[in-house]
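Novice: Mind looking over this structure? Questions follow.
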Amino acid sequence: MTNRILRVSLLFLSVFLLVGETACSIQPAKTERVTTDTQSINHVVLVWFKQGTTKADIDEVIQETNKLSALIPQVKKMSLGRAIVSDRKIVDDSFDLGIHFMFANQQDMQAYLSHPKHVAFVNKFVKPRLAKLLVYDF
């Protein structure tokens, strides 16, 4: 019986030491500040539509935004969606549509913004329905 207790105790101690060493060897991720010269440019657009804008109108803007991002080569990545309703006080869920674009650099973002297809899209699909627009670039 004593040998069995000793073996179980050694097994328990081995597992404890193995788990303890693994837990101690996990290092927190190091964060490094990356300059804007070496990272992608993020262009975030928050849209509030005029009162009376229908779901079909918003769906059309979403479809046309998806088409537009595929037509302009400077867009590295694009995602969009409707605001997620939240009870958290720090969350602004008042916008109707959020769009996030990624570009390789500021020149590509500027080429996108001034591209004739982007300008036509904004004039045809966004401005007529727009109540408010907010942009964050970083």
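All residue names refer to the structure tokens as shown: chains lettered A, B, ... in order, residues numbered from 1 in each chain, ligands numbered from 1 in order.
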Once you count only C-alpha atoms, what closest atom pair and distance in Å to one decimal does each residue of region 77-112 of chain A within 12 Å of region 127-132 of chain A have, with rows by chain and rising residue number, as CSV?

Specialist:
```
residue,atom,partner,partner_atom,distance
A:Ser94,CA,A:Lys132,CA,10.9
A:Phe95,CA,A:Lys132,CA,8.7
A:Asp96,CA,A:Lys132,CA,9.9
A:Leu97,CA,A:Lys132,CA,10.9
```

Novice: How close does each residue of region 46-66 of chain A get to region 74-93 of chain A, giving the shortest atom pair and distance in Å to one decimal for every residue with an atom at most 12 Å away, counting only C-alpha atoms, sorted by chain and residue number, as a tab-separated table?

Specialist:
```
residue	atom	partner	partner_atom	distance
A:Leu46	CA	A:Ala83	CA	9.2
A:Val47	CA	A:Arg82	CA	9.5
A:Trp48	CA	A:Ala83	CA	10.3
A:Phe49	CA	A:Arg82	CA	11.6
A:Lys55	CA	A:Arg82	CA	11.0
A:Ile58	CA	A:Arg82	CA	9.5
A:Asp59	CA	A:Arg82	CA	10.3
A:Val61	CA	A:Leu80	CA	10.7
A:Ile62	CA	A:Leu80	CA	7.7
A:Gln63	CA	A:Leu80	CA	10.4
A:Glu64	CA	A:Leu80	CA	11.7
A:Thr65	CA	A:Leu80	CA	8.7
A:Asn66	CA	A:Met78	CA	8.0
```
